[in-house]
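Visitor: If it helps, the file is called final_39.cif and holds mmCIF, C-alpha atoms:
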```cif
data_work
loop_
_atom_site.label_atom_id
_atom_site.label_comp_id
_atom_site.auth_asym_id
_atom_site.auth_seq_id
_atom_site.Cartn_x
_atom_site.Cartn_y
_atom_site.Cartn_z
CA PRO A 1126 131.16 80.20 76.81
CA LEU A 1127 133.71 79.00 79.33
CA THR A 1128 133.81 81.34 82.31
CA GLY A 1129 135.85 79.43 84.89
CA PHE A 1130 138.16 76.54 85.47
CA SER A 1131 135.49 74.38 87.10
CA SER A 1132 133.41 74.23 83.93
CA VAL A 1133 136.27 73.31 81.61
CA PRO A 1134 135.69 69.96 79.87
CA SER A 1135 138.33 67.28 80.06
CA VAL A 1136 139.06 67.56 76.34
CA ALA A 1137 138.79 70.86 74.49
CA PRO A 1138 136.81 70.81 71.22
CA PRO A 1139 138.81 71.07 68.00
CA PRO A 1140 139.26 74.58 66.61
CA PRO A 1141 136.95 75.63 63.78
CA PRO A 1142 138.30 75.62 60.23
CA GLY A 1143 140.62 78.53 59.54
CA GLN A 1144 141.41 79.16 63.20
CA ASP A 1145 145.08 79.89 63.87
CA ALA A 1146 146.93 77.01 65.53
CA ALA A 1147 150.54 77.76 66.24
CA GLY A 1148 153.05 78.13 69.06
CA LEU A 1149 151.69 76.68 72.29
CA HIS A 1150 148.12 76.21 71.07
CA THR A 1151 148.34 72.42 71.24
CA LEU A 1152 149.68 72.59 74.78
CA TRP A 1153 146.85 74.90 75.82
CA LYS A 1154 144.25 72.53 74.38
CA ALA A 1155 145.81 69.66 76.29
CA PHE A 1156 145.43 71.59 79.52
CA ALA A 1157 141.92 72.68 78.48
CA ALA A 1158 142.51 76.31 79.40
CA PRO A 1159 139.52 78.64 79.16
CA LYS A 1160 139.02 80.69 76.02
CA ALA A 1161 139.64 83.99 77.77
CA LEU A 1162 143.00 82.71 79.00
CA LEU A 1163 143.88 81.35 75.58
CA LYS A 1164 143.15 84.68 73.99
CA ARG A 1165 145.66 86.43 76.25
CA LEU A 1166 148.35 83.78 76.39
CA SER A 1167 148.35 83.26 72.63
CA ARG A 1168 149.79 86.74 72.20
CA THR A 1169 153.07 85.63 73.73
CA SER A 1170 153.86 83.25 70.86
CA LEU A 1171 154.27 83.88 67.17
CA VAL A 1172 150.67 83.18 66.16
CA SER A 1173 150.34 82.51 62.44
CA ARG A 1174 147.99 84.34 60.11
CA GLN A 1175 147.21 83.85 56.46
CA HIS A 1176 148.55 87.10 55.09
CA ILE A 1177 151.81 88.71 54.02
CA ARG A 1178 153.28 91.73 55.79
CA ARG A 1179 155.94 93.76 54.01
CA HIS A 1180 159.03 95.13 55.71
CA LEU A 1181 160.87 97.26 53.16
CA HIS A 1182 162.27 94.91 50.50
CA ASP A 1183 161.71 91.76 52.58
CA GLU A 1184 158.51 89.82 53.10
CA VAL A 1185 157.47 88.08 56.30
CA THR A 1186 155.00 85.34 55.46
CA TYR A 1187 152.37 84.01 57.86
CA ARG A 1188 151.02 80.58 56.99
CA GLU A 1189 148.75 78.20 58.82
CA ASN A 1190 150.29 75.87 61.41
CA THR A 1191 153.70 77.53 61.39
CA PHE A 1192 155.48 80.66 62.55
CA PRO A 1193 156.43 83.81 60.59
CA LYS A 1194 159.32 83.26 58.22
CA ALA A 1195 161.29 85.87 56.32
CA LYS A 1196 161.61 85.46 52.59
CA ARG A 1197 164.95 84.05 51.45
CA TYR A 1198 166.64 85.35 48.33
CA SER A 1199 168.35 83.02 45.86
CA SER A 1200 170.67 83.35 42.89
CA ALA A 1201 167.64 83.10 40.61
CA ASP A 1202 166.54 86.54 41.81
CA TRP A 1203 169.57 88.29 40.32
CA LEU A 1204 167.65 89.77 37.39
CA HIS A 1205 164.93 91.16 39.65
CA ILE A 1206 167.59 92.58 41.97
CA MET A 1207 169.31 94.31 39.05
CA PHE A 1208 166.09 95.87 37.77
CA THR A 1209 165.21 97.21 41.24
CA TRP A 1210 168.61 98.85 41.60
CA PRO A 1211 167.27 102.41 41.06
CA GLN A 1212 164.83 101.88 43.99
CA SER A 1213 167.61 100.72 46.32
CA THR A 1214 167.39 102.32 49.74
CA VAL A 1215 171.15 102.08 50.19
CA LEU A 1216 171.70 103.91 46.90
CA ARG A 1217 169.40 106.71 48.00
CA ARG A 1218 171.22 107.07 51.29
CA ILE A 1219 174.68 107.30 49.66
CA ARG A 1220 173.64 109.38 46.65
CA SER A 1221 175.69 112.36 47.90
CA PRO A 1222 179.17 110.72 47.69
CA VAL A 1223 178.19 108.92 44.47
CA LEU A 1224 177.06 112.13 42.75
CA VAL A 1225 180.01 114.22 44.00
CA ASN A 1226 182.61 111.71 42.86
CA THR A 1227 180.86 111.10 39.56
CA VAL A 1228 180.70 114.82 38.74
CA TRP A 1229 184.31 115.27 39.85
CA THR A 1230 185.43 112.48 37.53
CA LEU A 1231 183.41 113.92 34.67
CA VAL A 1232 185.03 117.34 35.13
CA LEU A 1233 188.50 115.80 35.08
CA ALA A 1234 187.65 113.77 31.98
CA VAL A 1235 186.38 116.85 30.15
CA VAL A 1236 189.48 118.86 31.13
CA HIS A 1237 191.76 116.01 30.09
CA LYS A 1238 190.00 115.70 26.73
CA ALA A 1239 190.07 119.46 26.09
CA CYS A 1240 193.72 119.87 27.03
CA LYS A 1241 194.98 116.75 25.28
CA GLY A 1242 197.49 117.62 22.60
CA SER A 1243 197.87 121.20 23.81
CA GLY A 1244 201.07 120.53 25.67
CA LEU A 1245 199.72 121.72 29.00
CA ARG A 1246 201.28 120.26 32.12
CA LEU A 1247 197.88 119.26 33.47
CA THR A 1248 197.49 116.63 30.77
CA ALA A 1249 200.94 115.25 31.47
CA PHE A 1250 200.15 115.22 35.18
CA LEU A 1251 196.96 113.19 34.70
CA ASP A 1252 198.63 110.81 32.26
CA GLY A 1253 201.58 110.23 34.56
CA PHE A 1254 199.77 109.93 37.90
CA SER A 1255 201.07 106.85 39.69
CA LYS A 1256 198.66 104.09 40.71
CA HIS A 1257 200.95 102.62 43.37
CA PRO A 1258 199.59 104.62 46.35
CA HIS A 1259 196.05 103.39 45.71
CA THR A 1260 197.28 99.84 45.16
CA ILE A 1261 199.04 99.89 48.52
CA VAL A 1262 196.24 101.42 50.60
CA GLY A 1263 193.43 99.58 48.78
CA SER A 1264 194.00 96.36 50.72
CA ALA A 1265 194.16 98.22 54.02
CA MET A 1266 190.88 99.99 53.25
CA SER A 1267 189.22 96.69 52.33
CA LEU A 1268 190.26 95.15 55.64
CA LEU A 1269 189.00 98.22 57.51
CA LEU A 1270 185.59 97.90 55.82
CA VAL A 1271 185.45 94.16 56.57
CA PHE A 1272 186.20 94.70 60.26
CA ARG A 1273 183.67 97.53 60.39
CA THR A 1274 180.92 95.44 58.80
CA ASN A 1275 181.69 92.38 60.92
CA ALA A 1276 181.46 94.48 64.08
CA ALA A 1277 178.07 95.80 62.95
CA TYR A 1278 176.73 92.34 62.13
CA THR A 1279 177.93 91.01 65.49
CA ARG A 1280 175.77 93.65 67.19
CA PHE A 1281 172.88 92.76 64.89
CA TRP A 1282 173.13 89.06 65.74
CA GLU A 1283 173.50 89.79 69.45
CA GLY A 1284 170.26 91.77 69.34
CA ARG A 1285 168.50 88.83 67.69
CA CYS A 1286 169.86 86.46 70.35
CA HIS A 1287 168.45 88.70 73.09
CA TRP A 1288 165.00 88.51 71.51
CA GLU A 1289 165.32 84.74 71.13
CA HIS A 1290 166.13 84.52 74.84
CA LEU A 1291 163.15 86.76 75.58
CA THR A 1292 160.81 84.57 73.51
CA ASN A 1293 162.01 81.36 75.14
CA LYS A 1294 161.65 82.71 78.67
CA SER A 1295 158.20 84.09 77.88
CA ARG A 1296 157.10 80.66 76.71
CA ASP A 1297 158.53 79.14 79.89
CA MET A 1298 156.45 81.62 81.84
CA VAL A 1299 153.33 80.64 79.89
CA ARG A 1300 153.87 76.99 80.74
CA LEU A 1301 154.19 77.79 84.43
CA LEU A 1302 151.01 79.87 84.36
CA ILE A 1303 149.12 77.03 82.72
CA ALA A 1304 150.54 74.38 85.04
CA TYR A 1305 149.64 76.34 88.21
CA ARG A 1306 146.49 78.06 87.05
CA GLN A 1307 144.38 76.16 89.58
CA VAL A 1308 146.52 77.44 92.46
CA LEU A 1309 147.08 80.98 91.23
CA GLY A 1310 143.48 81.65 90.38
CA HIS A 1311 141.80 82.74 87.18
CA GLN A 1312 142.08 86.49 87.68
CA VAL A 1313 145.74 86.40 88.72
CA VAL A 1314 146.65 84.27 85.70
CA LEU A 1315 144.81 86.61 83.33
CA ARG A 1316 146.50 89.65 84.83
CA LEU A 1317 149.94 88.08 84.57
CA ALA A 1318 149.17 86.97 81.01
CA ASP A 1319 148.20 90.52 80.04
CA LEU A 1320 151.43 91.89 81.50
CA LEU A 1321 153.45 89.20 79.74
CA CYS A 1322 151.74 89.99 76.42
CA ALA A 1323 152.49 93.69 76.84
CA PHE A 1324 156.14 93.13 77.79
CA PRO A 1325 157.62 92.57 74.28
CA VAL A 1326 155.56 95.44 72.89
CA ALA A 1327 156.78 97.73 75.66
CA LEU A 1328 160.38 96.63 75.03
CA LYS A 1329 160.00 97.28 71.30
CA GLN A 1330 158.73 100.80 71.98
CA HIS A 1331 161.45 101.35 74.58
CA LEU A 1332 164.19 100.47 72.09
CA GLU A 1333 162.75 102.36 69.12
CA GLY A 1334 161.94 105.50 71.09
CA TYR A 1335 158.77 107.51 71.58
CA HIS A 1336 156.73 107.99 68.40
CA GLY A 1337 153.48 109.42 69.72
CA PRO A 1338 150.34 108.53 71.70
CA ASP A 1339 149.63 105.52 69.47
CA GLN A 1340 152.19 103.58 71.46
CA GLU A 1341 150.32 104.24 74.69
CA GLU A 1342 147.03 103.13 73.13
CA GLU A 1343 148.67 99.93 71.92
CA LEU A 1344 149.83 99.15 75.45
CA ARG A 1345 146.47 100.02 77.00
CA SER A 1346 144.75 97.58 74.64
CA LEU A 1347 146.93 94.77 75.98
CA LEU A 1348 146.96 95.57 79.69
CA ASP A 1349 144.50 95.09 82.49
CA PRO A 1350 142.86 98.43 83.44
CA LEU A 1351 144.39 98.03 86.89
CA ASP A 1352 147.95 98.03 85.50
CA ALA A 1353 147.66 100.27 82.44
CA PRO A 1354 148.04 103.72 84.10
CA ALA A 1355 151.21 102.80 86.00
CA VAL A 1356 152.83 101.10 83.00
CA VAL A 1357 152.08 103.95 80.59
CA SER A 1358 153.45 106.57 82.99
CA ALA A 1359 156.64 104.62 83.73
CA VAL A 1360 159.97 105.79 82.32
CA ASN A 1361 161.22 102.25 81.67
CA ARG A 1362 158.04 100.41 80.79
CA PRO A 1363 159.43 96.89 80.23
CA LEU A 1364 161.21 96.88 83.59
CA HIS A 1365 158.10 98.27 85.28
CA ILE A 1366 156.07 95.41 83.82
CA LEU A 1367 158.54 92.85 85.17
CA THR A 1368 158.48 94.54 88.57
CA ALA A 1369 154.67 94.48 88.60
CA MET A 1370 154.65 90.78 87.70
CA ALA A 1371 157.18 90.00 90.42
CA ASP A 1372 155.07 91.94 92.94
CA ILE A 1373 151.95 89.97 91.99
CA VAL A 1374 153.76 86.64 92.30
CA GLY A 1375 155.37 87.70 95.57
CA HIS A 1376 151.97 88.33 97.18
CA ILE A 1377 150.47 84.96 96.22
CA PRO A 1378 150.14 82.94 99.47
CA TYR A 1379 151.66 79.49 99.75
CA ALA A 1380 149.26 76.58 99.19
CA ASP A 1381 150.55 73.39 100.79
CA THR A 1382 152.80 71.56 98.31
CA ASN A 1383 151.17 72.97 95.17
CA TRP A 1384 152.58 76.49 95.52
CA THR A 1385 155.75 76.83 97.59
CA SER A 1386 158.90 78.91 97.60
CA ARG A 1387 160.28 76.62 94.90
CA GLU A 1388 157.58 77.60 92.37
CA ARG A 1389 157.80 81.24 93.37
CA LEU A 1390 161.58 81.20 92.93
CA ALA A 1391 161.19 79.61 89.47
CA MET A 1392 158.97 82.48 88.34
CA MET A 1393 161.27 85.09 89.88
CA THR A 1394 164.18 83.53 88.00
CA LEU A 1395 162.27 83.94 84.73
CA PHE A 1396 161.62 87.60 85.56
CA ASN A 1397 165.33 88.11 86.19
CA ASP A 1398 166.17 86.45 82.87
CA LEU A 1399 163.76 88.75 81.03
CA ALA A 1400 165.31 91.75 82.78
CA LYS A 1401 168.74 90.64 81.53
CA SER A 1402 167.38 90.70 77.98
CA VAL A 1403 166.22 94.28 78.52
CA GLY A 1404 169.65 95.27 79.80
CA GLY A 1405 171.39 93.58 76.88
CA CYS A 1406 169.23 95.38 74.34
CA GLU A 1407 169.79 98.70 76.09
CA ARG A 1408 173.54 98.13 75.99
CA ILE A 1409 173.45 97.74 72.21
CA VAL A 1410 171.39 100.91 71.77
CA GLN A 1411 173.42 103.01 74.20
CA THR A 1412 176.88 101.89 73.01
CA PRO A 1413 177.44 102.80 69.36
CA VAL A 1414 180.58 101.98 67.42
CA PRO A 1415 183.27 104.50 68.50
CA LEU A 1416 182.89 107.77 66.62
CA HIS A 1417 186.58 108.05 65.70
CA TYR A 1418 186.49 104.60 64.11
CA ALA A 1419 183.51 105.52 61.94
CA ARG A 1420 184.93 108.92 61.00
CA HIS A 1421 188.34 107.54 60.10
CA THR A 1422 186.75 104.97 57.80
CA GLY A 1423 184.67 107.66 56.10
CA ARG A 1424 187.63 109.99 55.62
CA PHE A 1425 189.82 107.17 54.34
CA MET A 1426 187.26 106.20 51.71
CA GLY A 1427 186.55 109.82 50.80
CA LEU A 1428 190.20 110.58 50.02
CA PHE A 1429 190.60 107.27 48.19
CA CYS A 1430 187.59 107.91 45.93
CA LEU A 1431 188.35 111.59 45.30
CA THR A 1432 191.91 110.85 44.15
CA LEU A 1433 191.05 107.71 42.18
CA PRO A 1434 189.87 109.66 39.07
CA LEU A 1435 193.36 111.18 38.78
CA ILE A 1436 194.59 107.71 37.89
CA LEU A 1437 191.71 106.44 35.79
CA VAL A 1438 191.05 109.51 33.62
CA GLY A 1439 194.45 109.34 31.93
CA GLU A 1440 194.01 105.64 31.08
CA MET A 1441 190.25 105.30 30.50
CA GLY A 1442 189.06 108.74 29.51
CA PHE A 1443 185.30 109.14 29.83
CA LEU A 1444 184.93 105.46 30.78
CA ALA A 1445 186.37 106.46 34.15
CA VAL A 1446 183.06 108.17 35.01
CA PRO A 1447 180.92 104.97 35.28
CA ALA A 1448 183.88 103.08 36.74
CA VAL A 1449 184.29 105.55 39.60
CA ALA A 1450 180.52 105.72 40.17
CA LEU A 1451 180.33 101.93 40.57
CA LEU A 1452 183.34 101.81 42.86
CA VAL A 1453 182.01 104.59 45.10
CA TRP A 1454 178.60 102.89 45.24
CA CYS A 1455 180.24 99.62 46.27
CA LEU A 1456 182.51 101.04 48.97
CA PHE A 1457 180.12 103.53 50.52
CA GLY A 1458 177.26 101.01 50.22
CA VAL A 1459 179.11 98.49 52.35
CA GLN A 1460 179.85 101.16 54.94
CA GLU A 1461 176.22 102.34 54.94
CA ILE A 1462 174.92 98.80 55.50
CA GLY A 1463 177.21 98.53 58.52
CA LEU A 1464 175.92 101.84 59.86
CA LEU A 1465 172.32 100.69 59.44
CA ILE A 1466 172.60 97.29 61.11
CA GLU A 1467 174.89 98.26 64.00
CA ASN A 1468 171.72 99.19 65.90
CA PRO A 1469 169.34 96.29 65.17
CA PHE A 1470 166.42 98.13 66.79
CA SER A 1471 166.70 101.42 64.92
CA GLU A 1472 164.21 103.00 62.55
CA THR A 1473 164.92 105.32 59.62
CA ARG A 1474 162.70 107.42 57.42
CA GLU A 1475 162.43 104.37 55.15
CA GLY A 1476 161.18 102.21 58.03
CA THR A 1477 162.65 99.47 60.20
CA TRP A 1478 165.95 98.41 58.70
CA ALA A 1479 167.19 95.71 60.99
CA LEU A 1480 165.17 93.30 63.13
CA PRO A 1481 161.40 93.17 62.48
CA LEU A 1482 160.45 93.80 66.11
CA ALA A 1483 156.79 94.24 65.21
CA VAL A 1484 156.69 90.62 64.02
CA MET A 1485 158.65 89.21 66.93
CA ALA A 1486 156.56 91.13 69.48
CA ASP A 1487 153.27 89.97 67.94
#
```
Let me see the structure of the file written as C-alpha cells.
Guide:
Amino acid sequence: PLTGFSSVPSVAPPPPPGQDAAGLHTLWKAFAAPKALLKRLSRTSLVSRQHIRRHLHDEVTYRENTFPKAKRYSSADWLHIMFTWPQSTVLRRIRSPVLVNTVWTLVLAVVHKACKGSGLRLTAFLDGFSKHPHTIVGSAMSLLLVFRTNAAYTRFWEGRCHWEHLTNKSRDMVRLLIAYRQVLGHQVVLRLADLLCAFPVALKQHLEGYHGPDQEEELRSLLDPLDAPAVVSAVNRPLHILTAMADIVGHIPYADTNWTSRERLAMMTLFNDLAKSVGGCERIVQTPVPLHYARHTGRFMGLFCLTLPLILVGEMGFLAVPAVALLVWCLFGVQEIGLLIENPFSETREGTWALPLAVMAD
C-alpha cells in the first residue's frame, strides 16, 4: 500500500473493475495521489454508485462514470400519476380543507334536494345566488396564488444555487490541496481533506436542525480525532470547520516560491466563499415568507371555497360535491406546495420535501 508521497509511482494503476470513477477521480490519478488521500478527497465530489436511493416520490439514480441524477417525469407517466393520486402527500396534508368543504357542499345539496318544491325561501336563495362575486375575485385569487408560488420557488432555486456554489468552491479547494500536497505535507492535507468532507454534512445538519446523536456520530466518522471534539461541541459547526481550516492554513510556514502569501490568500478566499454560502442558506431558513401574506392567502381561499357551493348547488345539485372537492384540492394543493418548497432545506414527517441534501452532501 502507498504510505507516502515519495513512494507514489509516476502513473497510477487503473482502478479495478466496478470501482467508482466520478468527479475528480481522473484528476487525482493524473497527480498520482496516495490511496489514503483519495479516499478522503473523493467524499467532496458526487461519487457514483450502482444503486437507486428513493426520496419520497422521486428517485435519484447512481450510475457508473456519472453523477447522481434525479428522475424526470414525462407526459407518458400520466396514467401512473393518476393511479397514485390516493397516496399523494399533498392530498394528505390538505385533507382537512378538502373534507370540510366536501361535507359542507353535501349538506347544502341534501338540504336543497329536500326543500325543493316546498316553497321555502332557502331553496329560492340557493337557486338565485349570484355567481358574479366569485367571477370577479377568482382572477385576483389566481394571481395571488401565482405570486405566492413564484416567491416560494425563487427561494427554492436560490437554495440550490448556494449548494452549487458550495460544491464548486469545494472542488477548487481539492485542486489546490492536490497541487500543493508536496509543500503542505501529507498529514496537513489529510486533515484539511477530512474537514472539507465534513463541511457539507455539517451544513446539512445545521440547516435541518438537531435530530439526535446520530448526527454527531456521522461527523465523527468523517473528522480527524484531533478536530472531532471541537466541531461536535460547536454551536455553528460549518463555520467552526471553516475557521479550523483557515487556522491550519494560516500556520503553514512559507516555502520559498512554492508556498507564499499568494497561495495562502487563494485558500482563504475559498474559505470566505464557503462562509458566504453558509450565510445565504441561513438567510433562507431564518426569513420565512411574511406571516400576514400567508394568512391572507389562506383566508381568501377559505372564504372563496366555503361560499362556492352556494352557487353550484342550485345549478348542479349533487354534482357540486365532486366539483367543489376537486377545486379545493387544486387551490389548496398549489398553496401547500408553495409552503413546502419555500424552505428548501426543511424536513416533514414524510421526509425531505425540497432539496436532497443527503445526496448533494455525499
Visitor: Evaluating the PyMOL selection byres ((chain A and resi 1440) around 12) on the displayed file yields which residues, as an mmCIF file with C-alpha atoms, in the coordinates of the input?
Guide:
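What ended up in out01.cif:
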```cif
data_model
loop_
_atom_site.group_PDB
_atom_site.id
_atom_site.type_symbol
_atom_site.label_atom_id
_atom_site.label_comp_id
_atom_site.auth_asym_id
_atom_site.auth_seq_id
_atom_site.Cartn_x
_atom_site.Cartn_y
_atom_site.Cartn_z
ATOM 1 C CA ALA A 1234 187.650 113.770 31.980
ATOM 2 C CA HIS A 1237 191.760 116.010 30.090
ATOM 3 C CA LYS A 1238 190.000 115.700 26.730
ATOM 4 C CA THR A 1248 197.490 116.630 30.770
ATOM 5 C CA ALA A 1249 200.940 115.250 31.470
ATOM 6 C CA LEU A 1251 196.960 113.190 34.700
ATOM 7 C CA ASP A 1252 198.630 110.810 32.260
ATOM 8 C CA GLY A 1253 201.580 110.230 34.560
ATOM 9 C CA PHE A 1254 199.770 109.930 37.900
ATOM 10 C CA SER A 1255 201.070 106.850 39.690
ATOM 11 C CA LYS A 1256 198.660 104.090 40.710
ATOM 12 C CA LEU A 1433 191.050 107.710 42.180
ATOM 13 C CA PRO A 1434 189.870 109.660 39.070
ATOM 14 C CA LEU A 1435 193.360 111.180 38.780
ATOM 15 C CA ILE A 1436 194.590 107.710 37.890
ATOM 16 C CA LEU A 1437 191.710 106.440 35.790
ATOM 17 C CA VAL A 1438 191.050 109.510 33.620
ATOM 18 C CA GLY A 1439 194.450 109.340 31.930
ATOM 19 C CA MET A 1441 190.250 105.300 30.500
ATOM 20 C CA GLY A 1442 189.060 108.740 29.510
ATOM 21 C CA PHE A 1443 185.300 109.140 29.830
ATOM 22 C CA LEU A 1444 184.930 105.460 30.780
ATOM 23 C CA ALA A 1445 186.370 106.460 34.150
ATOM 24 C CA VAL A 1446 183.060 108.170 35.010
ATOM 25 C CA ALA A 1448 183.880 103.080 36.740
#
```
Visitor: How close does each residue of region 1212-1242 of chain A get to region 1460-1473 of chain A, giving the shortest atom pair and distance in Å to one decimal for every residue with an atom at most 12 Å away, counting only C-alpha atoms, sorted by chain and residue number, as a tab-separated table?
Guide:
```
residue	atom	partner	partner_atom	distance
A:Ser1213	CA	A:Ile1462	CA	11.9
A:Thr1214	CA	A:Ile1462	CA	10.1
A:Val1215	CA	A:Glu1461	CA	7.0
A:Leu1216	CA	A:Glu1461	CA	9.4
A:Arg1217	CA	A:Glu1461	CA	10.7
A:Arg1218	CA	A:Glu1461	CA	7.8
A:Ile1219	CA	A:Glu1461	CA	7.4
A:Arg1220	CA	A:Glu1461	CA	11.2
A:Pro1222	CA	A:Glu1461	CA	11.5
```
Visitor: Hey, what's within 9 Å of Ala1400 (chain A) if we count only C-alpha atoms and toss same-chain stuff fewer than 6 positions away? As a PyMOL selection string, please?
Guide: chain A and resi 1363-1364+1367
Visitor: Would you mind exporting C-alpha atoms of the selected residues as a PDB file, in the coordinates of the input?
Guide:
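As written to disk, result-v8.pdb reads:
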```
ATOM      1  CA  PRO A1363     159.430  96.890  80.230  1.00  0.00           C
ATOM      2  CA  LEU A1364     161.210  96.880  83.590  1.00  0.00           C
ATOM      3  CA  LEU A1367     158.540  92.850  85.170  1.00  0.00           C
TER       4      LEU A1367
END
```
Visitor: For the provided coordinates, the residues matched by the PyMOL selection byres ((chain A and resi 1333) around 12) should be stated as a PyMOL selection string.
Guide: chain A and resi 1326-1332+1334-1337+1340+1406-1407+1410-1411+1468-1473+1476-1483
Visitor: Go through the shown structure with the PyMOL selection byres ((chain A and resi 1430) around 10) and write out the matching residues as a ChimeraX atom specification.
Guide: /A:1222-1223,1226-1227,1230,1259,1424-1429,1431-1435,1449-1450,1452-1453,1456-1457
Visitor: For the selection just defined, write its residues with C-alpha atoms to a file, as a short mmCIF file (atom, residue, chain, number, x, y, z; two decimals), in the frame of the given file.
Guide:
```cif
data_model
loop_
_atom_site.label_atom_id
_atom_site.label_comp_id
_atom_site.auth_asym_id
_atom_site.auth_seq_id
_atom_site.Cartn_x
_atom_site.Cartn_y
_atom_site.Cartn_z
CA PRO A 1222 179.17 110.72 47.69
CA VAL A 1223 178.19 108.92 44.47
CA ASN A 1226 182.61 111.71 42.86
CA THR A 1227 180.86 111.10 39.56
CA THR A 1230 185.43 112.48 37.53
CA HIS A 1259 196.05 103.39 45.71
CA ARG A 1424 187.63 109.99 55.62
CA PHE A 1425 189.82 107.17 54.34
CA MET A 1426 187.26 106.20 51.71
CA GLY A 1427 186.55 109.82 50.80
CA LEU A 1428 190.20 110.58 50.02
CA PHE A 1429 190.60 107.27 48.19
CA LEU A 1431 188.35 111.59 45.30
CA THR A 1432 191.91 110.85 44.15
CA LEU A 1433 191.05 107.71 42.18
CA PRO A 1434 189.87 109.66 39.07
CA LEU A 1435 193.36 111.18 38.78
CA VAL A 1449 184.29 105.55 39.60
CA ALA A 1450 180.52 105.72 40.17
CA LEU A 1452 183.34 101.81 42.86
CA VAL A 1453 182.01 104.59 45.10
CA LEU A 1456 182.51 101.04 48.97
CA PHE A 1457 180.12 103.53 50.52
#
```
Visitor: What is the distance between CA of Ala1371 (chain A) and CA of Met1393 (chain A), in Å to one decimal?
Guide: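 Those two atoms sit 6.4 Å apart.
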Visitor: Counting all atoms listed in the file, which residue out of A:Val1308, A:Val1271, A:Val1236, A:Leu1399 sits closest to Tyr1379 (chain A)?
Guide: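 Once distances to Tyr1379 (chain A) are computed over all atoms listed in the file, the minimum belongs to A:Val1308.
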Visitor: Which residues are near Leu1291 (chain A)? Cut-off 12 Å, only C-alpha atoms, ignore same chain within fewer than 6 positions. Put them as number ranges by chain.
Guide: A: 1169-1170, 1284-1285, 1297-1298, 1321-1322, 1324-1326, 1328-1329, 1363, 1395-1406, 1485-1486
